[in-house]
>>> print(open('final_9.cif').read())   # mmCIF, C-alpha atoms
data_run
loop_
_atom_site.group_PDB
_atom_site.id
_atom_site.type_symbol
_atom_site.label_atom_id
_atom_site.label_comp_id
_atom_site.auth_asym_id
_atom_site.auth_seq_id
_atom_site.Cartn_x
_atom_site.Cartn_y
_atom_site.Cartn_z
ATOM 1 C CA MET A 1 32.418 -133.428 120.858
ATOM 2 C CA LYS A 2 29.414 -135.751 120.550
ATOM 3 C CA ASN A 3 28.926 -135.755 124.334
ATOM 4 C CA ILE A 4 29.097 -131.952 124.388
ATOM 5 C CA LEU A 5 26.352 -131.695 121.771
ATOM 6 C CA LYS A 6 24.189 -134.039 123.868
ATOM 7 C CA ASN A 7 24.314 -131.539 126.747
ATOM 8 C CA LYS A 8 20.944 -129.802 126.673
ATOM 9 C CA LEU A 9 22.337 -126.441 127.805
ATOM 10 C CA PHE A 10 24.989 -126.350 125.096
ATOM 11 C CA ALA A 11 22.520 -127.620 122.476
ATOM 12 C CA ALA A 12 20.056 -124.882 123.481
ATOM 13 C CA SER A 13 22.861 -122.302 123.237
ATOM 14 C CA ILE A 14 23.628 -123.453 119.682
ATOM 15 C CA MET A 15 19.923 -123.164 118.810
ATOM 16 C CA PHE A 16 19.761 -119.622 120.194
ATOM 17 C CA LEU A 17 22.951 -118.814 118.258
ATOM 18 C CA LEU A 18 21.447 -120.038 114.985
ATOM 19 C CA LEU A 19 18.220 -118.184 115.733
ATOM 20 C CA ASN A 20 20.109 -114.944 116.372
ATOM 21 C CA LEU A 21 22.249 -115.367 113.265
ATOM 22 C CA ALA A 22 19.153 -115.945 111.125
ATOM 23 C CA GLY A 23 17.515 -112.836 112.556
ATOM 24 C CA ALA A 24 20.647 -110.732 112.116
ATOM 25 C CA PHE A 25 21.022 -111.843 108.497
ATOM 26 C CA LEU A 26 17.383 -111.098 107.690
ATOM 27 C CA MET A 27 17.535 -107.646 109.289
ATOM 28 C CA MET A 28 20.918 -106.796 107.758
ATOM 29 C CA ALA A 29 19.999 -108.030 104.269
ATOM 30 C CA PRO A 30 18.586 -104.644 103.108
ATOM 31 C CA LEU A 31 21.657 -102.822 104.422
ATOM 32 C CA LEU A 32 24.003 -105.296 102.727
ATOM 33 C CA VAL A 33 22.252 -104.717 99.403
ATOM 34 C CA LEU A 34 22.442 -100.935 99.865
ATOM 35 C CA LEU A 35 26.123 -101.105 100.808
ATOM 36 C CA ARG A 36 26.895 -103.272 97.788
ATOM 37 C CA ASN A 37 25.267 -100.735 95.475
ATOM 38 C CA ARG A 38 27.089 -97.875 97.228
ATOM 39 C CA PHE A 39 30.595 -99.340 97.535
ATOM 40 C CA ASP A 40 30.750 -101.797 94.630
ATOM 41 C CA HIS A 41 34.289 -102.008 93.152
ATOM 42 C CA SER A 42 35.617 -99.768 95.932
ATOM 43 C CA GLN A 43 38.536 -100.335 98.297
ATOM 44 C CA ALA A 44 36.307 -99.025 101.078
ATOM 45 C CA VAL A 45 34.611 -102.421 101.181
ATOM 46 C CA PHE A 46 37.566 -103.746 103.227
ATOM 47 C CA SER A 47 36.546 -101.368 106.024
ATOM 48 C CA LEU A 48 33.054 -102.872 106.158
ATOM 49 C CA TRP A 49 33.777 -106.537 106.749
ATOM 50 C CA PRO A 50 34.093 -108.542 108.955
ATOM 51 C CA VAL A 51 33.887 -105.663 111.477
ATOM 52 C CA ILE A 52 32.827 -102.245 110.226
ATOM 53 C CA SER A 53 35.309 -99.431 110.788
ATOM 54 C CA PRO A 54 34.073 -96.609 113.080
ATOM 55 C CA LEU A 55 35.247 -94.031 110.525
ATOM 56 C CA MET A 56 33.338 -95.787 107.748
ATOM 57 C CA LEU A 57 30.244 -95.994 109.953
ATOM 58 C CA ALA A 58 30.451 -92.255 110.685
ATOM 59 C CA ASP A 59 30.875 -91.518 106.973
ATOM 60 C CA ILE A 60 27.760 -93.553 106.105
ATOM 61 C CA LEU A 61 25.663 -91.877 108.822
ATOM 62 C CA VAL A 62 26.705 -88.388 107.661
ATOM 63 C CA ASN A 63 26.794 -88.742 103.867
ATOM 64 C CA ASP A 64 24.211 -91.483 103.206
ATOM 65 C CA THR A 65 21.294 -90.496 105.421
ATOM 66 C CA GLN A 66 18.700 -91.555 102.827
ATOM 67 C CA MET A 67 20.255 -95.021 102.589
ATOM 68 C CA VAL A 68 20.296 -95.327 106.395
ATOM 69 C CA ALA A 69 16.648 -94.229 106.628
ATOM 70 C CA THR A 70 15.648 -96.821 104.018
ATOM 71 C CA PHE A 71 17.485 -99.511 105.949
ATOM 72 C CA VAL A 72 15.892 -98.513 109.262
ATOM 73 C CA ILE A 73 12.374 -98.750 107.822
ATOM 74 C CA ALA A 74 13.095 -102.091 106.144
ATOM 75 C CA GLY A 75 14.839 -103.375 109.268
ATOM 76 C CA ILE A 76 11.868 -102.514 111.505
ATOM 77 C CA VAL A 77 9.435 -104.359 109.220
ATOM 78 C CA ILE A 78 11.689 -107.421 108.990
ATOM 79 C CA PHE A 79 12.308 -107.357 112.756
ATOM 80 C CA ALA A 80 8.559 -107.374 113.482
ATOM 81 C CA LEU A 81 8.061 -110.396 111.228
ATOM 82 C CA TYR A 82 11.146 -112.132 112.590
ATOM 83 C CA MET A 83 9.995 -111.739 116.195
ATOM 84 C CA LEU A 84 7.010 -113.972 115.423
ATOM 85 C CA LEU A 85 9.372 -116.653 114.123
ATOM 86 C CA CYS A 86 11.800 -116.148 117.013
ATOM 87 C CA THR A 87 9.001 -116.421 119.572
ATOM 88 C CA TYR A 88 7.797 -119.632 117.930
ATOM 89 C CA PHE A 89 11.158 -121.433 118.109
ATOM 90 C CA SER A 90 11.967 -120.025 121.554
ATOM 91 C CA GLY A 91 9.171 -122.131 123.020
ATOM 92 C CA GLY A 92 10.809 -125.329 121.808
ATOM 93 C CA ILE A 93 14.216 -124.229 123.089
ATOM 94 C CA TYR A 94 12.783 -123.407 126.521
ATOM 95 C CA SER A 95 11.195 -126.871 126.571
ATOM 96 C CA LEU A 96 14.575 -128.429 125.865
ATOM 97 C CA ILE A 97 16.112 -126.540 128.794
ATOM 98 C CA VAL A 98 13.316 -126.895 131.333
ATOM 99 C CA LEU A 99 11.804 -130.339 130.769
ATOM 100 C CA ASP A 100 13.924 -133.063 132.387
ATOM 101 C CA LYS A 101 12.287 -135.926 130.505
ATOM 102 C CA GLU A 102 10.327 -136.168 127.302
ATOM 103 C CA PRO A 103 6.670 -137.104 127.786
ATOM 104 C CA GLU A 104 5.923 -140.619 126.590
ATOM 105 C CA ALA A 105 3.535 -139.357 123.945
ATOM 106 C CA ALA A 106 6.291 -137.212 122.452
ATOM 107 C CA ILE A 107 8.861 -139.998 122.019
ATOM 108 C CA THR A 108 8.858 -140.657 118.276
ATOM 109 C CA VAL A 109 11.337 -141.280 115.528
ATOM 110 C CA ASN A 110 11.175 -137.613 114.504
ATOM 111 C CA PRO A 111 12.560 -135.369 117.282
ATOM 112 C CA PHE A 112 12.460 -132.292 115.003
ATOM 113 C CA LYS A 113 8.720 -132.773 114.512
ATOM 114 C CA ASP A 114 8.297 -133.067 118.283
ATOM 115 C CA PHE A 115 10.274 -129.846 118.682
ATOM 116 C CA LEU A 116 7.949 -128.045 116.265
ATOM 117 C CA VAL A 117 4.869 -129.434 118.035
ATOM 118 C CA ARG A 118 6.087 -128.213 121.433
ATOM 119 C CA SER A 119 6.920 -124.830 119.927
ATOM 120 C CA ALA A 120 3.409 -124.545 118.470
ATOM 121 C CA GLN A 121 1.811 -125.459 121.805
ATOM 122 C CA ILE A 122 3.755 -122.814 123.738
ATOM 123 C CA TRP A 123 3.718 -120.138 121.019
ATOM 124 C CA PRO A 124 0.456 -118.350 122.070
ATOM 125 C CA GLY A 125 1.702 -117.926 125.636
ATOM 126 C CA PHE A 126 5.094 -116.671 124.497
ATOM 127 C CA ILE A 127 3.465 -114.086 122.230
ATOM 128 C CA LYS A 128 1.374 -112.832 125.169
ATOM 129 C CA VAL A 129 4.357 -112.601 127.506
ATOM 130 C CA SER A 130 6.393 -110.852 124.782
ATOM 131 C CA LEU A 131 3.738 -108.142 124.604
ATOM 132 C CA PHE A 132 3.547 -108.048 128.402
ATOM 133 C CA SER A 133 7.347 -107.685 128.542
ATOM 134 C CA ILE A 134 7.050 -104.256 126.904
ATOM 135 C CA VAL A 135 5.329 -103.005 130.056
ATOM 136 C CA ILE A 136 7.869 -104.733 132.303
ATOM 137 C CA TYR A 137 10.838 -103.231 130.460
ATOM 138 C CA LEU A 138 9.284 -99.755 130.437
ATOM 139 C CA ILE A 139 8.873 -99.971 134.218
ATOM 140 C CA ALA A 140 12.485 -101.191 134.542
ATOM 141 C CA ILE A 141 13.726 -98.311 132.369
ATOM 142 C CA PHE A 142 11.709 -95.800 134.401
ATOM 143 C CA ILE A 143 13.010 -97.048 137.768
ATOM 144 C CA GLY A 144 16.520 -97.547 136.407
ATOM 145 C CA GLY A 145 16.506 -94.007 135.009
ATOM 146 C CA ILE A 146 15.608 -92.578 138.411
ATOM 147 C CA VAL A 147 18.308 -94.602 140.166
ATOM 148 C CA SER A 148 20.889 -93.737 137.494
ATOM 149 C CA LYS A 149 20.218 -90.039 138.042
ATOM 150 C CA LEU A 150 20.805 -90.517 141.765
ATOM 151 C CA ALA A 151 24.074 -92.276 140.893
ATOM 152 C CA SER A 152 25.196 -89.503 138.516
ATOM 153 C CA PRO A 153 27.725 -88.045 141.021
ATOM 154 C CA MET A 154 29.529 -91.411 140.884
ATOM 155 C CA GLY A 155 30.086 -91.189 137.122
ATOM 156 C CA ILE A 156 28.534 -92.419 133.894
ATOM 157 C CA PHE A 157 29.750 -95.996 134.467
ATOM 158 C CA TRP A 158 27.614 -96.456 137.579
ATOM 159 C CA GLN A 159 24.698 -94.766 135.850
ATOM 160 C CA ALA A 160 24.863 -97.369 133.094
ATOM 161 C CA VAL A 161 25.278 -100.172 135.643
ATOM 162 C CA SER A 162 22.171 -99.004 137.527
ATOM 163 C CA LEU A 163 20.038 -99.033 134.386
ATOM 164 C CA ILE A 164 21.381 -102.401 133.190
ATOM 165 C CA PHE A 165 20.765 -103.908 136.634
ATOM 166 C CA PHE A 166 17.038 -103.169 136.491
ATOM 167 C CA LEU A 167 16.852 -104.383 132.883
ATOM 168 C CA LEU A 168 18.464 -107.628 134.060
ATOM 169 C CA ILE A 169 15.813 -107.993 136.762
ATOM 170 C CA ALA A 170 13.076 -107.408 134.174
ATOM 171 C CA SER A 171 14.653 -109.988 131.863
ATOM 172 C CA THR A 172 14.809 -112.490 134.728
ATOM 173 C CA TYR A 173 11.118 -112.025 135.511
ATOM 174 C CA ILE A 174 10.162 -112.527 131.848
ATOM 175 C CA GLN A 175 12.254 -115.710 131.723
ATOM 176 C CA ILE A 176 10.482 -117.027 134.835
ATOM 177 C CA LEU A 177 7.073 -116.420 133.256
ATOM 178 C CA LYS A 178 8.144 -118.248 130.096
ATOM 179 C CA VAL A 179 9.411 -121.149 132.185
ATOM 180 C CA ARG A 180 6.024 -121.337 133.905
ATOM 181 C CA PHE A 181 4.324 -121.582 130.505
ATOM 182 C CA VAL A 182 6.482 -124.579 129.629
ATOM 183 C CA VAL A 183 6.106 -126.312 133.010
ATOM 184 C CA GLU A 184 2.355 -125.759 133.292
ATOM 185 C CA ASN A 185 1.676 -126.166 129.558
ATOM 186 C CA SER A 186 -0.483 -123.055 129.765
ATOM 187 C CA SER A 187 -0.816 -119.842 127.780
ATOM 188 C CA SER A 188 -2.325 -117.698 130.549
ATOM 189 C CA VAL A 189 -0.113 -114.815 131.671
ATOM 190 C CA THR A 190 -2.278 -114.301 134.772
ATOM 191 C CA GLN A 191 -1.866 -117.927 135.803
ATOM 192 C CA ALA A 192 1.901 -117.774 135.257
ATOM 193 C CA ILE A 193 2.143 -114.643 137.413
ATOM 194 C CA ARG A 194 0.087 -116.185 140.210
ATOM 195 C CA SER A 195 1.903 -119.527 140.200
ATOM 196 C CA SER A 196 5.337 -117.901 140.366
ATOM 197 C CA ARG A 197 4.556 -115.054 142.781
ATOM 198 C CA GLN A 198 5.156 -116.960 146.025
ATOM 199 C CA ALA A 199 8.304 -118.704 144.780
ATOM 200 C CA ILE A 200 9.780 -115.412 143.549
ATOM 201 C CA ALA A 201 9.088 -113.791 146.925
ATOM 202 C CA LYS A 202 10.889 -116.626 148.732
ATOM 203 C CA SER A 203 13.865 -116.765 146.350
ATOM 204 C CA ALA A 204 14.205 -113.108 145.305
ATOM 205 C CA ALA A 205 17.723 -112.672 146.713
ATOM 206 C CA ARG A 206 19.001 -115.900 145.146
ATOM 207 C CA LEU A 207 17.459 -115.007 141.793
ATOM 208 C CA VAL A 208 19.033 -111.561 141.720
ATOM 209 C CA ILE A 209 22.481 -112.686 142.907
ATOM 210 C CA GLY A 210 22.559 -115.747 140.641
ATOM 211 C CA ASN A 211 21.519 -113.894 137.489
ATOM 212 C CA LEU A 212 23.884 -111.052 138.271
ATOM 213 C CA ALA A 213 26.795 -113.474 138.748
ATOM 214 C CA VAL A 214 26.073 -115.287 135.474
ATOM 215 C CA ALA A 215 25.729 -111.976 133.629
ATOM 216 C CA ILE A 216 29.035 -110.645 134.993
ATOM 217 C CA VAL A 217 30.933 -113.809 134.039
ATOM 218 C CA GLY A 218 29.338 -113.825 130.576
ATOM 219 C CA VAL A 219 30.144 -110.161 129.937
ATOM 220 C CA ILE A 220 33.753 -110.629 131.074
ATOM 221 C CA ALA A 221 34.167 -113.624 128.740
ATOM 222 C CA ALA A 222 32.630 -111.665 125.854
ATOM 223 C CA LEU A 223 34.915 -108.679 126.537
ATOM 224 C CA ILE A 224 37.983 -110.948 126.500
ATOM 225 C CA LEU A 225 36.940 -112.325 123.102
ATOM 226 C CA TRP A 226 36.217 -108.790 121.886
ATOM 227 C CA THR A 227 39.701 -107.652 122.942
ATOM 228 C CA ILE A 228 41.220 -110.552 121.003
ATOM 229 C CA LEU A 229 39.065 -109.626 118.013
ATOM 230 C CA LYS A 230 40.289 -106.017 118.107
ATOM 231 C CA TRP A 231 43.871 -107.267 118.270
ATOM 232 C CA VAL A 232 43.282 -109.504 115.245
ATOM 233 C CA ARG A 233 41.690 -106.616 113.348
ATOM 234 C CA SER A 234 44.759 -104.430 113.932
ATOM 235 C CA TYR A 235 46.724 -106.422 111.331
ATOM 236 C CA ASP A 236 46.448 -106.034 107.573
ATOM 237 C CA TRP A 237 43.451 -107.803 106.065
ATOM 238 C CA ASN A 238 43.853 -111.299 104.624
ATOM 239 C CA ILE A 239 41.625 -114.337 104.260
ATOM 240 C CA GLY A 240 43.057 -116.034 107.353
ATOM 241 C CA LEU A 241 42.350 -113.031 109.596
ATOM 242 C CA ALA A 242 38.888 -112.687 108.073
ATOM 243 C CA VAL A 243 38.031 -116.299 108.969
ATOM 244 C CA LEU A 244 39.464 -115.857 112.469
ATOM 245 C CA SER A 245 37.453 -112.652 112.910
ATOM 246 C CA ILE A 246 34.236 -114.425 111.946
ATOM 247 C CA VAL A 247 34.995 -117.281 114.359
ATOM 248 C CA LEU A 248 35.638 -114.823 117.201
ATOM 249 C CA GLU A 249 32.449 -112.891 116.436
ATOM 250 C CA GLN A 250 30.352 -116.050 116.559
ATOM 251 C CA ALA A 251 32.154 -117.116 119.747
ATOM 252 C CA ILE A 252 31.058 -113.844 121.385
ATOM 253 C CA ILE A 253 27.448 -114.466 120.374
ATOM 254 C CA LEU A 254 27.675 -118.077 121.593
ATOM 255 C CA VAL A 255 28.954 -116.915 124.989
ATOM 256 C CA LEU A 256 26.011 -114.519 125.316
ATOM 257 C CA CYS A 257 23.580 -117.263 124.257
ATOM 258 C CA LEU A 258 25.126 -119.664 126.763
ATOM 259 C CA MET A 259 24.774 -117.006 129.447
ATOM 260 C CA GLN A 260 21.069 -116.705 128.555
ATOM 261 C CA VAL A 261 20.554 -120.491 128.687
ATOM 262 C CA ILE A 262 22.324 -120.821 132.037
ATOM 263 C CA ARG A 263 20.139 -118.057 133.474
ATOM 264 C CA ILE A 264 16.975 -119.783 132.224
ATOM 265 C CA ASN A 265 18.059 -123.081 133.761
ATOM 266 C CA TYR A 266 19.101 -121.410 137.023
ATOM 267 C CA ASN A 267 15.796 -119.540 137.303
ATOM 268 C CA HIS A 268 13.850 -122.719 136.667
ATOM 269 C CA ILE A 269 15.761 -124.669 139.328
ATOM 270 C CA THR A 270 15.488 -121.829 141.852
ATOM 271 C CA ILE A 271 11.743 -121.408 141.361
ATOM 272 C CA LYS A 272 11.232 -125.174 141.446
ATOM 273 C CA ARG A 273 13.005 -125.430 144.789
ATOM 274 C CA GLY A 274 11.090 -122.427 146.096
ATOM 275 C CA VAL A 275 7.784 -124.057 145.217
#
>>> encode(input="final_9.cif", output="structure tokens")
Amino acid sequence: MKNILKNKLFAASIMFLLLNLAGAFLMMAPLLVLLRNRFDHSQAVFSLWPVISPLMLADILVNDTQMVATFVIAGIVIFALYMLLCTYFSGGIYSLIVLDKEPEAAITVNPFKDFLVRSAQIWPGFIKVSLFSIVIYLIAIFIGGIVSKLASPMGIFWQAVSLIFFLLIASTYIQILKVRFVVENSSSVTQAIRSSRQAIAKSAARLVIGNLAVAIVGVIAALILWTILKWVRSYDWNIGLAVLSIVLEQAIILVLCLMQVIRINYNHITIKRGV
């Protein structure tokens, strides 16, 4: 287990997992308070946790619209604040994935302090690329929407696949730009675009195929865990099944985080070889 934790990809996946859990808890906190006030001392609470029942969700959306609206407003505010924190720590996690060796000046007795310092150095660039990613994703949605309409005779499944494919490409490009920030220790989006343009052109096919393969494997693994979770949830509630449900839920998130880390590492290696 100790050797597994020393693996930088697995360690980065755990960090992304903790970061996602912290964000989910912060954003869900207002809803949890509202649900407690609404369903306190009610048997309906067993349909809310650990996985909310679809019937209970429909009942809340129909009969508690004011509560849902309050949660949405609070969730948006918390999400905006959390994104600043998430962007800050993401820089340190990217450094852990991308940098093969620690710089001599960063080797101290306090690795957590070094992690925070690296995060602070990369933070301005990550904020810029996060804002720039809005444009990239809007373009991906626009192109994906056109292609999905062309694929409409093939069914809704292929429409969804077409849109997700272009979102995956957009996500890959954003990851490459973030990797360039870490490698070049720069916060210039223009410089990151210029330095990665030639390598992307040379390795475009490998980037698309590699990211697509990792995404497919990750989604299949997550679906298998989700199927097991649904099977566990089909039994009557007890503390053992609740613990198992929580473990399976976190395993699904960990698989998705690991998929993200592997894609970052793959993109970095591919671009590095292309350069």
>>> resolve_selection(input="final_9.cif", expression="the PyMOL selection byres ((chain A and resi 172) around 9)", output="list in words")
Leu167, Leu168, Ile169, Ala170, Ser171, Tyr173, Ile174, Gln175, Ile176, Leu177, Leu207, Val208, Asn211, Arg263, Ile264 and Asn267 of chain A
>>> atom_distance(input="final_9.cif", atom1="CA of Ala58 in chain A", atom2="CA of Ala74 in chain A")
20.5 Å
>>> resolve_selection(input="final_9.cif", expression="the PyMOL selection byres ((chain A and resi 127) around 10)", output="number ranges by chain")
A: 83-84, 87-88, 91, 122-126, 128-133, 187
>>> atom_distance(input="final_9.cif", atom1="CA of Leu241 in chain A", atom2="CA of Ala221 in chain A")
20.8 Å
>>> atom_distance(input="final_9.cif", atom1="CA of Leu85 in chain A", atom2="CA of Val255 in chain A")
22.4 Å
>>> residues_around(input="final_9.cif", residues="Gln159 in chain A", least_positions_apart="2", cutoff="12 Å", atoms="only C-alpha atoms", output="PyMOL selection string")
chain A and resi 144-157+161-166
>>> closest_residue(input="final_9.cif", among="A:Met259, A:Leu138, A:Cys86, A:Ile76", to="Gly210 in chain A", atoms="only C-alpha atoms")
A:Met259
>>> closest_residue(input="final_9.cif", among="A:Ile14, A:Leu244, A:Val189, A:Leu21", to="Trp231 in chain A", atoms="only C-alpha atoms")
A:Leu244
>>> closest_residue(input="final_9.cif", among="A:Ile143, A:Ile216, A:Ala120, A:Ala199", to="Phe89 in chain A", atoms="all atoms listed in the file")
A:Ala120
>>> closest_residue(input="final_9.cif", among="A:Leu96, A:Leu61, A:Ala22, A:Ala69", to="Arg118 in chain A", atoms="only C-alpha atoms")
A:Leu96
>>> closest_residue(input="final_9.cif", among="A:Leu254, A:Val243, A:Arg273, A:Glu249", to="Leu229 in chain A", atoms="only C-alpha atoms")
A:Glu249
>>> residues_around(input="final_9.cif", residues="Gly218 in chain A", least_positions_apart="2", cutoff="12 Å", atoms="all atoms listed in the file", output="JSON, numbers by chain")
{"A": [211, 212, 213, 214, 215, 216, 220, 221, 222, 223, 224, 225, 251, 252, 253, 254, 255, 256, 257, 258, 259, 260, 261, 262, 263]}
>>> axis_aligned_box(input="final_9.cif", around="range 169-173 of chain A", padding_each_side="8 Å", output="lines of an AutoDock Vina configuration file")
center_x = 13.5
center_y = -109.9
center_z = 134.3
size_x = 20.7
size_y = 21.1
size_z = 20.9
>>> resolve_selection(input="final_9.cif", expression="the PyMOL selection byres ((chain A and resi 23) around 9)", output="PDB file with C-alpha atoms, keeping the file's coordinate frame")
ATOM      1  CA  LEU A  18      21.447-120.038 114.985  1.00  0.00           C
ATOM      2  CA  LEU A  19      18.220-118.184 115.733  1.00  0.00           C
ATOM      3  CA  ASN A  20      20.109-114.944 116.372  1.00  0.00           C
ATOM      4  CA  LEU A  21      22.249-115.367 113.265  1.00  0.00           C
ATOM      5  CA  ALA A  22      19.153-115.945 111.125  1.00  0.00           C
ATOM      6  CA  ALA A  24      20.647-110.732 112.116  1.00  0.00           C
ATOM      7  CA  PHE A  25      21.022-111.843 108.497  1.00  0.00           C
ATOM      8  CA  LEU A  26      17.383-111.098 107.690  1.00  0.00           C
ATOM      9  CA  MET A  27      17.535-107.646 109.289  1.00  0.00           C
ATOM     10  CA  MET A  28      20.918-106.796 107.758  1.00  0.00           C
ATOM     11  CA  ILE A  78      11.689-107.421 108.990  1.00  0.00           C
ATOM     12  CA  PHE A  79      12.308-107.357 112.756  1.00  0.00           C
ATOM     13  CA  TYR A  82      11.146-112.132 112.590  1.00  0.00           C
ATOM     14  CA  MET A  83       9.995-111.739 116.195  1.00  0.00           C
ATOM     15  CA  CYS A  86      11.800-116.148 117.013  1.00  0.00           C
TER      16      CYS A  86
END
>>> build_atoms(input="final_9.cif", residues="range 236-243 of chain A", atoms="all heavy atoms", output="mmCIF file, in the frame of the given file")
data_model
loop_
_atom_site.group_PDB
_atom_site.id
_atom_site.type_symbol
_atom_site.label_atom_id
_atom_site.label_comp_id
_atom_site.auth_asym_id
_atom_site.auth_seq_id
_atom_site.Cartn_x
_atom_site.Cartn_y
_atom_site.Cartn_z
ATOM 1 N N ASP A 236 46.932 -106.207 108.934
ATOM 2 C CA ASP A 236 46.448 -106.034 107.573
ATOM 3 C C ASP A 236 45.510 -107.172 107.199
ATOM 4 O O ASP A 236 45.715 -108.327 107.579
ATOM 5 C CB ASP A 236 47.627 -105.981 106.585
ATOM 6 C CG ASP A 236 48.487 -104.745 106.789
ATOM 7 O OD1 ASP A 236 47.944 -103.734 107.291
ATOM 8 O OD2 ASP A 236 49.688 -104.792 106.457
ATOM 9 N N TRP A 237 44.496 -106.834 106.408
ATOM 10 C CA TRP A 237 43.451 -107.803 106.065
ATOM 11 C C TRP A 237 44.013 -108.911 105.190
ATOM 12 O O TRP A 237 44.788 -108.678 104.266
ATOM 13 C CB TRP A 237 42.327 -107.093 105.318
ATOM 14 C CG TRP A 237 41.144 -107.984 105.052
ATOM 15 C CD1 TRP A 237 40.045 -108.124 105.840
ATOM 16 C CD2 TRP A 237 40.952 -108.855 103.939
ATOM 17 N NE1 TRP A 237 39.164 -109.018 105.291
ATOM 18 C CE2 TRP A 237 39.696 -109.492 104.117
ATOM 19 C CE3 TRP A 237 41.706 -109.169 102.811
ATOM 20 C CZ2 TRP A 237 39.183 -110.406 103.206
ATOM 21 C CZ3 TRP A 237 41.209 -110.080 101.899
ATOM 22 C CH2 TRP A 237 39.961 -110.692 102.101
ATOM 23 N N ASN A 238 43.615 -110.149 105.498
ATOM 24 C CA ASN A 238 43.853 -111.299 104.624
ATOM 25 C C ASN A 238 42.785 -112.343 104.938
ATOM 26 O O ASN A 238 42.044 -112.214 105.907
ATOM 27 C CB ASN A 238 45.270 -111.873 104.795
ATOM 28 C CG ASN A 238 45.548 -112.330 106.209
ATOM 29 O OD1 ASN A 238 44.894 -113.239 106.727
ATOM 30 N ND2 ASN A 238 46.517 -111.673 106.870
ATOM 31 N N ILE A 239 42.704 -113.367 104.127
ATOM 32 C CA ILE A 239 41.625 -114.337 104.260
ATOM 33 C C ILE A 239 41.688 -115.083 105.595
ATOM 34 O O ILE A 239 40.664 -115.404 106.198
ATOM 35 C CB ILE A 239 41.656 -115.333 103.072
ATOM 36 C CG1 ILE A 239 40.402 -116.230 103.094
ATOM 37 C CG2 ILE A 239 42.925 -116.167 103.117
ATOM 38 C CD1 ILE A 239 39.122 -115.476 102.909
ATOM 39 N N GLY A 240 42.914 -115.351 106.075
ATOM 40 C CA GLY A 240 43.057 -116.034 107.353
ATOM 41 C C GLY A 240 42.515 -115.212 108.507
ATOM 42 O O GLY A 240 41.794 -115.724 109.377
ATOM 43 N N LEU A 241 42.849 -113.904 108.532
ATOM 44 C CA LEU A 241 42.350 -113.031 109.596
ATOM 45 C C LEU A 241 40.839 -112.832 109.485
ATOM 46 O O LEU A 241 40.158 -112.696 110.503
ATOM 47 C CB LEU A 241 43.062 -111.680 109.531
ATOM 48 C CG LEU A 241 44.554 -111.681 109.893
ATOM 49 C CD1 LEU A 241 45.125 -110.282 109.766
ATOM 50 C CD2 LEU A 241 44.749 -112.201 111.315
ATOM 51 N N ALA A 242 40.333 -112.822 108.260
ATOM 52 C CA ALA A 242 38.888 -112.687 108.073
ATOM 53 C C ALA A 242 38.152 -113.884 108.675
ATOM 54 O O ALA A 242 37.153 -113.724 109.372
ATOM 55 C CB ALA A 242 38.561 -112.557 106.589
ATOM 56 N N VAL A 243 38.653 -115.093 108.414
ATOM 57 C CA VAL A 243 38.031 -116.299 108.969
ATOM 58 C C VAL A 243 38.118 -116.289 110.489
ATOM 59 O O VAL A 243 37.139 -116.594 111.187
ATOM 60 C CB VAL A 243 38.707 -117.560 108.391
ATOM 61 C CG1 VAL A 243 38.206 -118.809 109.115
ATOM 62 C CG2 VAL A 243 38.441 -117.676 106.898
#
